[in-house]
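*Asks:* Mind having a look at this structure? Questions to follow.
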Amino acid sequence: MAVVERRPEPFEADEMMTVAAARQLRDGTVCFVGIGLPSTAANLARITHAPGIVLIYESGIIGARPATLPLSIGDGVLVEGADAVVSVPEVFNYWLQPGRIDVGFLTGAQVDRFGNLNTTVIGGDYRHPLVRLPGAGGAPEIAALCRQVVVLVRQTPRVFVNRVDFVTSVGYGSAAGDRGRLGLSGGGPKVVITDIGSLAPDPDTAELTLVSLHPGSTVEQARAATGWPLQVSPDLRVEEPPSDRELAVLRRLTATIGGVRTHGGE
Amino acid sequence: MAVVERRPEPFEADEMMTVAAARQLRDGTVCFVGIGLPSTAANLARITHAPGIVLIYESGIIGARPATLPLSIGDGVLVEGADAVVSVPEVFNYWLQPGRIDVGFLTGAQVDRFGNLNTTVIGGDYRHPLVRLPGAGGAPEIAALCRQVVVLVRQTPRVFVNRVDFVTSVGYGSAAGDRGRLGLSGGGPKVVITDIGSLAPDPDTAELTLVSLHPGSTVEQARAATGWPLQVSPDLRVEEPPSDRELAVLRRLTATIGGVRTHGGE
Amino acid sequence: MAEIVSVDEAIAALVADGDTVALEGFTHLIPFAAGHEIIRQGRRDLTLVRMTPDLIYDQMIGMGCARRLIFSWGGNPGVGSLHRFRDAVENGWPVPLEIEEHSHAGMANRYVAGATGLPFAVLRGYVGTDLPAHTDTIRWVTCPFTGEVLAAVAALRPDVTVVHAQRADRRGNVQMWGILGVQKEAVLAAKRSLVTVEEVVDTLERRPGDVILPGFSVTCVAEVPGGAHPSYALGYSLRDNDFYRRWDSISRDRDSFLGWMREAVLESDGRRRTTS
Amino acid sequence: MAEIVSVDEAIAALVADGDTVALEGFTHLIPFAAGHEIIRQGRRDLTLVRMTPDLIYDQMIGMGCARRLIFSWGGNPGVGSLHRFRDAVENGWPVPLEIEEHSHAGMANRYVAGATGLPFAVLRGYVGTDLPAHTDTIRWVTCPFTGEVLAAVAALRPDVTVVHAQRADRRGNVQMWGILGVQKEAVLAAKRSLVTVEEVVDTLERRPGDVILPGFSVTCVAEVPGGAHPSYALGYSLRDNDFYRRWDSISRDRDSFLGWMREAVLESDGRRRTTS
């Protein structure tokens with residue numbers, strides 16, 4: 001039989017970002033999922049390489065297996081086929097707080113050099129901000145208490161700042177060892193995945209350092225998109241492009257976000 | 001038509017005691033029920049004059065309507081027809097603690113002059129008691145937090161003591177005003193119903209005082225069964241004997257306690 | 001036993017100007033119809049409490065009902081900003097809006113404290129963040145056994161809590177299922193409560209995952225079919241995700257917002273659902 | 001994911017001499033078979049934890065498994081005393097038994113603290129009683145908002161919790177319904193856990209009022225039909241009230257107790273239920 005050579009399917013930067021995030025999740029991982037890219041990535045992992053992954057949504061869904069992707073964290077599609085649905089106090093107090101979650105996904109309007117996240121206010125002061133963001137949601141405790149945190153965020157100099165305007169969620173504070181000093185039980189951001197590549201804390205300084213590039217991205221691009229002098233890991237690697245299967249599942253998933261237009265019981 | 005005069009049905013002292021307790025419960029009362037006489041009395045009230053009474057058992061049953069009387073607080077018969085079944089932490093934290101219960105029933109191996117109850121130890125010291133009783137169960141918080149407490153206990157000098165050996169549940173402490181000083185939100189024992197009559201706290205001193213006698217009982221009998229100089233209310237009344245209907249329902253109920261002998265899944 | 005009334009009677013009886021009012025529902029079962037009735041009845045100076053303000057609070061804030069907002073995440077889920085909320089915080093329009101801001105874990109525990117009759121709740125939270133510096137209802141407490149310092153949050157005790165549920169029976173026992181959010185705690189924490197329901201039935205047939213609020217713990221029940229739209233009631237309706245997306249453009253501009261509110265809420269009698 | 005094993009393997013693997021062990025079940029779903037296996041395997045110096053010691057702890061105490069008991073109500077419900085518990089406390093037979101005594105509200109909250117990863121829980125309790133003078137795990141904490149003083153109880157973190165449930169699936173997800181007690185909290189508070197179940201099934205069909213313990217939160221599951229007898233599993237068996245009544249005379253006398261234990265437990269292989 002002749003081997004037919006195919007050109008790899010072209011892909012968007014956001015798709016690479018989502019696939020890279022999905023690859024962080026091993027089978028059996030207990031994963032606290034936010035809405036948007038994290039939800040897409042976690043479900044991509046569940047459908048491809050990690051069928052035994054346990055997805056927990058802060059709306060109280062444990063062991064979610066949504067048939068289509070939810071638009072919000074509380075779409076009815078999350079309830080069907082889930083192992084359990086619990087109250088919001090229970091999901092935070094019984095499941096997140098005691099450290100039962102392996103990986104928590106987070107994002108932010110600002111991410112700083114030490115992986116701290118801001119989703120509260122930008123500019124001005126707290127009472128009179130230039131931009132009022134949605135606020136904390138579940139993020140501060142996810143950042144504090146999950147064994148590992150994966151941050152998913154697009155990389156621009158406005159987002160990747162030297163110091164966040166407001167610490168909504170703690171990464172590594174202002175130096176290595178700060179998490180221990182604060183008594184935070186979780187491990188902090190293991191990796192920050194962007195549309196350019198991935199950053200990880202330097203083992204000595206806890207400063208976010210470029211550890212991988214997506215296919216086609218460059219170190220210069222990453223540096224230009226970062227608001228501090230970005231260090232590059234000596235082991236810088238290039239992420240594998242999305243496989244055909246990853247891309248196919250991802251595109252099928254994203255096409256279903258929020259389902260079709262429906263009337264609310266009228 | 002000729003009116004047929006009937007002799008009143010004879011009854012036991014325990015039956016009078018249970019009927020008197022049932023009469024304390026108005027329709028619509030939210031009632032925290034312990035096992036034994038309280039459960040019998042509360043269900044008697046539900047079936048006779050108080051169909052809208054809400055019975056709560058500490059095993060987590062809210063709005064119980066058992067077809068037969070349970071032997072234990074956790075018999076399956078309590079689950080059938082109940083409005084809701086909640087966890088034990090929920091029944092204490094969400095329902096008892098915030099003061100949602102109108103009436104709580106209690107009993108004790110000792111009851112003292114100020115309505116304090118002992119279900120812990122008698123004689124010796126705490127670590128080496130003469131008699132080890134079952135302990136507190138739900139009683140301390142029922143005594144503290146229900147709007148009113150009704151105590152059901154047979155009256156003997158060993159039970160009705162001047163001062164309990166161990167305060168498991170607080171009545172009125174050692175004087176009027178003690179509940180307020182302790183910050184207890186519930187009203188304390190409104191009435192102590194015995195096989196001889198009823199005692200209620202004196203409005204000025206909070207000392208338990210004889211306020212009613214069951215038919216056929218005497219003040220002398222009550223005094224002889226009480227371990228402190230028992231005061232008698234100037235308004236001492238005699239309890240109405242059980243009606244035929246009360247007796248009939250009560251006897252039907254008590255005949256069913258614990259159901260018939262059943263094999264546990266063998 | 002809860003009284004069964006109409007939603008306009010219930011709002012008139014239970015919600016007064018200046019009250020602290022919680023409308024809860026975590027994406028699911030959001031009591032939109034009751035919120036619209038509060039807008040129609042012109043309530044002012046409310047302290048609005050809600051974990052996720054969502055569109056209903058964007059509307060109430062934009063219509064000037066609120067003086068203060070207590071919350072933990074104020075966005076249009078999966079879509080973007082709440083423009084009326086932002087306009088109030090950033091520009092004081094139509095009236096200035098004070099905020100009291102928490103995390104979800106903090107807000108959930110504040111309701112739990114309220115529901116359980118405690119003045120505060122303890123959690124592992126807020127450490128190292130900038131929130132405690134701005135929010136006085138976050139403090140610290142020391143464990144009397146281990147000496148560890150933990151976060152404490154003040155109990156929430158709303159004057160009124162309003163939620164939507166699938167069903168109630170004629171004694172006012174309320175049944176809800178699907179995503180449960182913090183509704184049970186929010187009702188039990190409040191001094192008074194209103195539950196709007198899809199339908200009042202003779203008997204509540206129990207369902208897996210349902211929660212019952214006994215009638216003696218609820219003040220009023222009102223039958224409002226579709227009363228959660230554009231949110232939803234599992235088993236009765238689907239979330240109107242398209243309306244959530246459209247709200248972004250309706251609400252971005254003050255005039256377009258006011259025009260929509262006039263037509264869809266103020267000039268509606270609240271019995272027909274005209275919000276989409 | 002929970003591992004599915006036999007009850008004797010599970011006890012051998014999870015319970016060691018000197019461990020703090022909680023067997024929970026509030027009248028309903030008491031894990032008798034697992035308790036008997038602990039007796040058969042001859043465990044010693046256990047700290048036994050349980051809100052309502054019941055017959056199973058009377059048996060374990062009488063057989064000398066326990067050094068210490070943490071509890072809130074030790075009786076034979078509706079019948080009378082636990083004679084072996086009393087004999088241990090009053091006379092030190094067969095070995096002295098230390099006790100750590102709480103109210104139900106206190107014990108329930110100690111499990112909640114353990115399950116939620118907090119070192120203590122706060123409640124309105126114990127005020128004015130003689131319990132705090134004898135129990136060091138009851139202390140006091142001051143509300144940082146109101147200054148009010150409330151009771152604090154230390155978290156319970158058993159080495160092992162054992163409960164019985166109706167069903168589990170092959171991934172170790174556990175399903176229970178009926179009276180729920182404090183089992184979920186007791187399992188989540190423990191470092192290791194064993195759930196014995198009436199049956200292991202392919203798919204858990206959900207039921208009204210059921211609770212699911214996800215497989216990732218449970219260490220071991222063992223299929224033991226009838227494993228709660230003489231307690232019961234709603235939907236599978238009825239409480240053997242007659243045996244509870246008979247226990248009063250079996251257990252009143254040391255020799256009659258030992259004779260019964262030998263025949264019904266020690267010489268049983270633990271696979272057939274021979275306790276009645």
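A note on labels: chains of the structure tokens are A, B, ... as shown, every chain counts residues from 1, and ligands are counted from 1 in their shown order.
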Taking the backbone alone, and naming residues the way the document does, which bits of range 20-209 of chain C are alpha helix (DSSP H) by DSSP, as a ChimeraX atom specification?

*Replies:* /C:32-40,54-62,83-91,104-115,183-189

*Asks:* Return as a list in words the residues belonging to chain D that are within 9 Å of chain C, counting only C-alpha atoms.

*Replies:*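 So the contacting residues turn out to be Thr116, Gly117, Leu118, Pro119, Phe120, Ala121, Val122, Leu123, Arg124, Thr137, Arg139, Trp140, Val141, Thr142, Cys143, Pro144, Phe145, Thr146, Glu148, Leu150, Ala152, Val153, Ala154, Arg206, Arg207, Pro208, Gly209, Asp210 and Val211 of chain D.
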
*Asks:* With N, CA, C and O atoms retained, export the selected residues as a JSON list (two decimals), in the first residue's frame.

*Replies:*
[["chain", "number", "residue", "atom", "x", "y", "z"],
["D", 116, "THR", "N", -14.01, 19.87, 55.04],
["D", 116, "THR", "CA", -13.79, 21.11, 54.32],
["D", 116, "THR", "C", -12.37, 21.64, 54.49],
["D", 116, "THR", "O", -12.07, 22.75, 54.04],
["D", 117, "GLY", "N", -11.52, 20.87, 55.12],
["D", 117, "GLY", "CA", -10.11, 21.26, 55.21],
["D", 117, "GLY", "C", -9.85, 22.43, 56.14],
["D", 117, "GLY", "O", -8.86, 23.14, 55.98],
["D", 118, "LEU", "N", -10.74, 22.63, 57.11],
["D", 118, "LEU", "CA", -10.51, 23.68, 58.10],
["D", 118, "LEU", "C", -10.08, 23.04, 59.43],
["D", 118, "LEU", "O", -10.46, 21.92, 59.71],
["D", 119, "PRO", "N", -9.31, 23.76, 60.24],
["D", 119, "PRO", "CA", -8.88, 23.15, 61.51],
["D", 119, "PRO", "C", -9.96, 23.17, 62.59],
["D", 119, "PRO", "O", -9.83, 22.49, 63.60],
["D", 120, "PHE", "N", -11.01, 23.95, 62.38],
["D", 120, "PHE", "CA", -12.07, 24.00, 63.40],
["D", 120, "PHE", "C", -13.38, 24.44, 62.75],
["D", 120, "PHE", "O", -13.40, 24.89, 61.61],
["D", 121, "ALA", "N", -14.47, 24.25, 63.50],
["D", 121, "ALA", "CA", -15.78, 24.73, 63.08],
["D", 121, "ALA", "C", -16.37, 25.55, 64.21],
["D", 121, "ALA", "O", -16.02, 25.37, 65.38],
["D", 122, "VAL", "N", -17.27, 26.45, 63.83],
["D", 122, "VAL", "CA", -17.91, 27.35, 64.79],
["D", 122, "VAL", "C", -19.38, 26.95, 64.91],
["D", 122, "VAL", "O", -20.02, 26.63, 63.91],
["D", 123, "LEU", "N", -19.90, 26.97, 66.12],
["D", 123, "LEU", "CA", -21.34, 26.70, 66.29],
["D", 123, "LEU", "C", -21.86, 27.40, 67.53],
["D", 123, "LEU", "O", -21.10, 27.84, 68.39],
["D", 124, "ARG", "N", -23.19, 27.52, 67.56],
["D", 124, "ARG", "CA", -23.86, 27.96, 68.79],
["D", 124, "ARG", "C", -24.13, 26.72, 69.61],
["D", 124, "ARG", "O", -25.11, 26.02, 69.38],
["D", 137, "THR", "N", -11.45, 19.42, 73.07],
["D", 137, "THR", "CA", -11.71, 19.80, 71.68],
["D", 137, "THR", "C", -12.93, 20.72, 71.56],
["D", 137, "THR", "O", -13.46, 20.92, 70.47],
["D", 139, "ARG", "N", -13.60, 24.63, 72.46],
["D", 139, "ARG", "CA", -13.04, 25.89, 72.96],
["D", 139, "ARG", "C", -13.93, 27.03, 72.51],
["D", 139, "ARG", "O", -15.07, 26.82, 72.11],
["D", 140, "TRP", "N", -13.44, 28.24, 72.54],
["D", 140, "TRP", "CA", -14.27, 29.40, 72.22],
["D", 140, "TRP", "C", -13.55, 30.30, 71.23],
["D", 140, "TRP", "O", -12.32, 30.33, 71.18],
["D", 141, "VAL", "N", -14.31, 30.98, 70.42],
["D", 141, "VAL", "CA", -13.73, 31.86, 69.41],
["D", 141, "VAL", "C", -14.58, 33.13, 69.36],
["D", 141, "VAL", "O", -15.79, 33.09, 69.59],
["D", 142, "THR", "N", -13.94, 34.25, 69.10],
["D", 142, "THR", "CA", -14.64, 35.54, 69.10],
["D", 142, "THR", "C", -14.89, 35.99, 67.67],
["D", 142, "THR", "O", -13.97, 36.00, 66.85],
["D", 143, "CYS", "N", -16.11, 36.37, 67.36],
["D", 143, "CYS", "CA", -16.43, 36.86, 66.02],
["D", 143, "CYS", "C", -15.68, 38.16, 65.77],
["D", 143, "CYS", "O", -15.81, 39.10, 66.54],
["D", 144, "PRO", "N", -14.90, 38.22, 64.66],
["D", 144, "PRO", "CA", -14.13, 39.44, 64.40],
["D", 144, "PRO", "C", -15.00, 40.61, 63.92],
["D", 144, "PRO", "O", -14.48, 41.70, 63.75],
["D", 145, "PHE", "N", -16.28, 40.38, 63.73],
["D", 145, "PHE", "CA", -17.17, 41.46, 63.30],
["D", 145, "PHE", "C", -18.04, 41.96, 64.45],
["D", 145, "PHE", "O", -18.21, 43.15, 64.61],
["D", 146, "THR", "N", -18.61, 41.02, 65.23],
["D", 146, "THR", "CA", -19.57, 41.41, 66.27],
["D", 146, "THR", "C", -19.01, 41.32, 67.68],
["D", 146, "THR", "O", -19.62, 41.82, 68.61],
["D", 148, "GLU", "N", -19.03, 38.71, 69.37],
["D", 148, "GLU", "CA", -19.73, 37.62, 70.04],
["D", 148, "GLU", "C", -18.80, 36.42, 70.24],
["D", 148, "GLU", "O", -17.98, 36.12, 69.38],
["D", 150, "LEU", "N", -18.40, 32.43, 70.45],
["D", 150, "LEU", "CA", -19.10, 31.22, 70.01],
["D", 150, "LEU", "C", -18.25, 30.00, 70.30],
["D", 150, "LEU", "O", -17.04, 30.11, 70.53],
["D", 152, "ALA", "N", -16.18, 26.71, 69.48],
["D", 152, "ALA", "CA", -15.35, 26.18, 68.40],
["D", 152, "ALA", "C", -15.06, 24.72, 68.73],
["D", 152, "ALA", "O", -14.83, 24.37, 69.89],
["D", 153, "VAL", "N", -15.12, 23.86, 67.72],
["D", 153, "VAL", "CA", -14.76, 22.46, 67.91],
["D", 153, "VAL", "C", -13.65, 22.11, 66.93],
["D", 153, "VAL", "O", -13.61, 22.62, 65.80],
["D", 154, "ALA", "N", -12.73, 21.25, 67.37],
["D", 154, "ALA", "CA", -11.59, 20.87, 66.53],
["D", 154, "ALA", "C", -12.04, 19.95, 65.41],
["D", 154, "ALA", "O", -12.91, 19.11, 65.60],
["D", 206, "ARG", "N", -29.97, 7.26, 39.00],
["D", 206, "ARG", "CA", -30.17, 8.24, 40.07],
["D", 206, "ARG", "C", -31.56, 8.15, 40.68],
["D", 206, "ARG", "O", -32.52, 7.76, 40.00],
["D", 207, "ARG", "N", -31.67, 8.49, 41.97],
["D", 207, "ARG", "CA", -32.94, 8.42, 42.71],
["D", 207, "ARG", "C", -33.14, 9.70, 43.48],
["D", 207, "ARG", "O", -32.18, 10.36, 43.88],
["D", 208, "PRO", "N", -34.42, 10.06, 43.73],
["D", 208, "PRO", "CA", -34.67, 11.25, 44.54],
["D", 208, "PRO", "C", -33.98, 11.14, 45.90],
["D", 208, "PRO", "O", -33.99, 10.08, 46.51],
["D", 209, "GLY", "N", -33.37, 12.22, 46.31],
["D", 209, "GLY", "CA", -32.74, 12.25, 47.63],
["D", 209, "GLY", "C", -31.43, 11.53, 47.72],
["D", 209, "GLY", "O", -30.88, 11.39, 48.80],
["D", 210, "ASP", "N", -30.89, 11.06, 46.59],
["D", 210, "ASP", "CA", -29.62, 10.33, 46.69],
["D", 210, "ASP", "C", -28.44, 11.30, 46.76],
["D", 210, "ASP", "O", -28.54, 12.48, 46.44],
["D", 211, "VAL", "N", -27.35, 10.75, 47.26],
["D", 211, "VAL", "CA", -26.09, 11.49, 47.34],
["D", 211, "VAL", "C", -25.04, 10.65, 46.66],
["D", 211, "VAL", "O", -25.02, 9.43, 46.81]]

*Asks:* Nearest to Trp95 in chain A: which of A:Ala136, A:Leu182, A:Leu247, A:Leu55 is it, counting only C-alpha atoms?

*Replies:*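 Counting only C-alpha atoms, the residue closest to Trp95 in chain A is A:Leu55.
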
*Asks:* At most 8 Å is the cut-off: for each residue in chain B with any atom that close to an atom of chain D, write down the nearest atom pair and the distance in Å rounded to one decimal, counting only C-alpha atoms, chain first then increasing number, as a tab-separated table.

*Replies:*
residue	atom	partner	partner_atom	distance
B:Ile35	CA	D:Gly78	CA	6.6
B:Gly36	CA	D:Gly78	CA	6.3
B:Ser59	CA	D:Gly181	CA	6.3
B:Gly60	CA	D:Ile179	CA	6.7
B:Ile61	CA	D:Ile179	CA	7.6
B:Leu71	CA	D:Gly78	CA	5.3
B:Ser72	CA	D:Pro77	CA	5.1
B:Ile73	CA	D:Thr27	CA	7.2
B:Gly74	CA	D:Thr27	CA	5.0
B:Asp75	CA	D:Arg239	CA	6.7
B:Gly76	CA	D:Leu234	CA	6.5
B:Val79	CA	D:Gly178	CA	6.4
B:Val85	CA	D:Ile179	CA	6.5
B:Val86	CA	D:Leu180	CA	6.8
B:Ser87	CA	D:Gly181	CA	5.1
B:Val88	CA	D:Gly181	CA	4.8
B:Pro89	CA	D:Ala108	CA	5.2
B:Phe92	CA	D:Ala105	CA	5.8
B:Asn93	CA	D:Ala105	CA	7.6
B:Gln97	CA	D:Arg124	CA	6.6
B:Tyr126	CA	D:His134	CA	7.9
B:Arg127	CA	D:Val89	CA	7.9
B:His128	CA	D:Glu90	CA	6.2
B:Pro129	CA	D:Glu90	CA	6.2
B:Leu130	CA	D:Glu90	CA	6.6
B:Val131	CA	D:Glu90	CA	7.0
B:Arg132	CA	D:Arg86	CA	5.9
B:Leu133	CA	D:Ser81	CA	7.5
B:Pro134	CA	D:Gly74	CA	4.4
B:Gly135	CA	D:Trp73	CA	4.9
B:Ala136	CA	D:Ser103	CA	5.1
B:Gly137	CA	D:Trp73	CA	4.7
B:Gly138	CA	D:His104	CA	5.0
B:Ala139	CA	D:Ser103	CA	7.4
B:Pro140	CA	D:Tyr126	CA	6.3
B:Glu141	CA	D:Gly125	CA	5.6
B:Ala144	CA	D:Gly125	CA	7.5
B:Phe166	CA	D:Asp130	CA	6.2
B:Val167	CA	D:Thr129	CA	5.1
B:Thr168	CA	D:Thr129	CA	5.4
B:Ser169	CA	D:Thr129	CA	6.0
B:Val170	CA	D:Gly128	CA	6.2
B:Gly173	CA	D:Gly128	CA	7.4
B:Leu182	CA	D:Gly128	CA	6.6
B:Leu184	CA	D:Val127	CA	7.7
B:Gly258	CA	D:Asn241	CA	6.2
B:Gly259	CA	D:Asn241	CA	7.8
B:Val260	CA	D:Asp242	CA	8.0
B:Arg261	CA	D:Asp242	CA	5.5
B:Thr262	CA	D:Asp240	CA	5.5
B:His263	CA	D:Asp240	CA	5.8
B:Gly264	CA	D:Ser237	CA	4.9
B:Gly265	CA	D:Ser237	CA	4.3
B:Glu266	CA	D:Gly226	CA	6.6

*Asks:* When you look at Thr203 in chain C with a cut-off of 12 Å (counting only C-alpha atoms), what residues show up, excluding the ones that are within fewer than 6 positions of it in the same chain? I need them as a list in words.

*Replies:* Gly81 and Asp83 of chain B; Arg167, Ala168, Asp169, Arg170, Arg171, Gly172, Asn173, Val174 and Gln175 of chain C

*Asks:* I'd like the contact shell of Gly188 in chain A - 9 Å cut-off, only C-alpha atoms, skipping same-chain residues fewer than 6 positions apart - returned as an mmCIF file with all heavy atoms, in the first residue's frame.

*Replies:*
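Written file, result-v5.cif:
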data_model
loop_
_atom_site.group_PDB
_atom_site.id
_atom_site.type_symbol
_atom_site.label_atom_id
_atom_site.label_comp_id
_atom_site.auth_asym_id
_atom_site.auth_seq_id
_atom_site.Cartn_x
_atom_site.Cartn_y
_atom_site.Cartn_z
ATOM 1 N N GLY A 115 3.296 35.654 37.828
ATOM 2 C CA GLY A 115 2.105 34.826 37.649
ATOM 3 C C GLY A 115 0.896 35.256 38.445
ATOM 4 O O GLY A 115 -0.088 34.522 38.539
ATOM 5 N N ALA A 143 -6.656 29.676 42.640
ATOM 6 C CA ALA A 143 -5.216 29.956 42.581
ATOM 7 C C ALA A 143 -4.502 29.508 43.851
ATOM 8 O O ALA A 143 -3.360 29.065 43.811
ATOM 9 C CB ALA A 143 -4.988 31.449 42.355
ATOM 10 N N ALA A 144 -5.188 29.618 44.980
ATOM 11 C CA ALA A 144 -4.557 29.292 46.256
ATOM 12 C C ALA A 144 -4.519 27.796 46.520
ATOM 13 O O ALA A 144 -3.566 27.297 47.114
ATOM 14 C CB ALA A 144 -5.303 29.981 47.403
ATOM 15 N N LEU A 145 -5.541 27.050 46.069
ATOM 16 C CA LEU A 145 -5.812 25.733 46.646
ATOM 17 C C LEU A 145 -5.668 24.550 45.696
ATOM 18 O O LEU A 145 -5.564 23.414 46.160
ATOM 19 C CB LEU A 145 -7.228 25.727 47.241
ATOM 20 C CG LEU A 145 -7.448 26.737 48.384
ATOM 21 C CD1 LEU A 145 -8.927 27.028 48.575
ATOM 22 C CD2 LEU A 145 -6.843 26.224 49.676
ATOM 23 N N CYS A 146 -5.698 24.779 44.362
ATOM 24 C CA CYS A 146 -5.490 23.642 43.466
ATOM 25 C C CYS A 146 -4.029 23.201 43.529
ATOM 26 O O CYS A 146 -3.143 24.015 43.730
ATOM 27 C CB CYS A 146 -5.842 24.030 42.027
ATOM 28 S SG CYS A 146 -7.595 24.293 41.769
ATOM 29 N N ARG A 147 -3.790 21.908 43.325
ATOM 30 C CA ARG A 147 -2.400 21.419 43.365
ATOM 31 C C ARG A 147 -1.550 22.136 42.333
ATOM 32 O O ARG A 147 -0.414 22.488 42.583
ATOM 33 C CB ARG A 147 -2.374 19.911 43.127
ATOM 34 C CG ARG A 147 -2.883 19.163 44.337
ATOM 35 C CD ARG A 147 -2.512 17.691 44.387
ATOM 36 N NE ARG A 147 -3.361 17.106 45.436
ATOM 37 C CZ ARG A 147 -4.423 16.339 45.207
ATOM 38 N NH1 ARG A 147 -4.725 15.948 43.987
ATOM 39 N NH2 ARG A 147 -5.163 15.915 46.206
ATOM 40 N N GLN A 148 -2.139 22.354 41.144
ATOM 41 C CA GLN A 148 -1.446 23.087 40.084
ATOM 42 C C GLN A 148 -2.442 24.019 39.427
ATOM 43 O O GLN A 148 -3.628 23.715 39.351
ATOM 44 C CB GLN A 148 -0.937 22.140 39.002
ATOM 45 C CG GLN A 148 0.075 21.143 39.475
ATOM 46 C CD GLN A 148 0.545 20.277 38.316
ATOM 47 O OE1 GLN A 148 -0.135 20.134 37.306
ATOM 48 N NE2 GLN A 148 1.739 19.721 38.474
ATOM 49 N N VAL A 149 -1.923 25.135 38.884
ATOM 50 C CA VAL A 149 -2.756 26.050 38.127
ATOM 51 C C VAL A 149 -2.198 26.152 36.711
ATOM 52 O O VAL A 149 -0.984 26.198 36.513
ATOM 53 C CB VAL A 149 -2.790 27.440 38.794
ATOM 54 C CG1 VAL A 149 -3.399 28.485 37.872
ATOM 55 C CG2 VAL A 149 -3.559 27.374 40.107
ATOM 56 N N VAL A 150 -3.084 26.127 35.729
ATOM 57 C CA VAL A 150 -2.711 26.388 34.343
ATOM 58 C C VAL A 150 -3.397 27.687 33.938
ATOM 59 O O VAL A 150 -4.623 27.805 34.051
ATOM 60 C CB VAL A 150 -3.141 25.231 33.416
ATOM 61 C CG1 VAL A 150 -2.883 25.586 31.953
ATOM 62 C CG2 VAL A 150 -2.411 23.946 33.800
ATOM 63 N N VAL A 170 -3.335 35.103 43.555
ATOM 64 C CA VAL A 170 -1.896 35.068 43.784
ATOM 65 C C VAL A 170 -1.247 33.975 42.950
ATOM 66 O O VAL A 170 -1.714 32.830 42.943
ATOM 67 C CB VAL A 170 -1.594 34.825 45.279
ATOM 68 C CG1 VAL A 170 -0.088 34.776 45.517
ATOM 69 C CG2 VAL A 170 -2.234 35.913 46.124
ATOM 70 N N GLY A 171 -0.176 34.354 42.220
ATOM 71 C CA GLY A 171 0.667 33.357 41.572
ATOM 72 C C GLY A 171 1.813 33.053 42.515
ATOM 73 O O GLY A 171 1.663 32.265 43.447
ATOM 74 N N TYR A 172 2.964 33.730 42.272
ATOM 75 C CA TYR A 172 4.106 33.555 43.167
ATOM 76 C C TYR A 172 4.413 34.817 43.961
ATOM 77 O O TYR A 172 5.523 34.979 44.461
ATOM 78 C CB TYR A 172 5.320 33.058 42.372
ATOM 79 C CG TYR A 172 5.070 31.688 41.781
ATOM 80 C CD1 TYR A 172 4.675 31.533 40.457
ATOM 81 C CD2 TYR A 172 5.179 30.548 42.579
ATOM 82 C CE1 TYR A 172 4.409 30.269 39.935
ATOM 83 C CE2 TYR A 172 4.916 29.287 42.061
ATOM 84 C CZ TYR A 172 4.524 29.150 40.742
ATOM 85 O OH TYR A 172 4.256 27.913 40.244
ATOM 86 N N ARG A 179 4.618 31.953 48.297
ATOM 87 C CA ARG A 179 3.446 31.092 48.524
ATOM 88 C C ARG A 179 3.554 30.371 49.864
ATOM 89 O O ARG A 179 2.584 30.299 50.615
ATOM 90 C CB ARG A 179 3.266 30.075 47.399
ATOM 91 C CG ARG A 179 2.786 30.675 46.091
ATOM 92 C CD ARG A 179 2.457 29.593 45.062
ATOM 93 N NE ARG A 179 1.253 28.852 45.405
ATOM 94 C CZ ARG A 179 0.025 29.194 45.016
ATOM 95 N NH1 ARG A 179 -0.160 30.266 44.271
ATOM 96 N NH2 ARG A 179 -1.011 28.475 45.375
#

*Asks:* Record the distance separating CA of Ile11 in chain C and CA of Gly35 in chain C, expressed in Å with one decimal.

*Replies:*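 Here the two named atoms are 9.1 Å from each other.
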
*Asks:* Would you compute the distance between CA of Leu44 in chain A and CA of Leu250 in chain A? Give it in Å to one decimal.

*Replies:*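 These two atoms are separated by 6.1 Å.
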
*Asks:* Quick one: of C:Leu48, C:Ile56, C:Ala13, C:Ala22, who's nearest to Val187 in chain C, counting only C-alpha atoms?

*Replies:*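 Once distances to Val187 in chain C are computed over only C-alpha atoms, the minimum belongs to C:Ala22.
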
*Asks:* Report, in Å with one decimal, the straight-line distance from CA of His49 in chain B to CA of Asp27 in chain B.

*Replies:*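 Interatomic distance, CA of His49 in chain B to CA of Asp27 in chain B: 6.9 Å.
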
*Asks:* Give the strand (DSSP E or B) residues of range 26-249 of chain D, as DSSP finds them on the backbone, and put them as an MDAnalysis selection string.

*Replies:* chainID D and resid 46:49 66:71 75:76 80:81 98:101 120:123 138:142 149:154 160:169 174:176 192:201 208 211:213 220:223
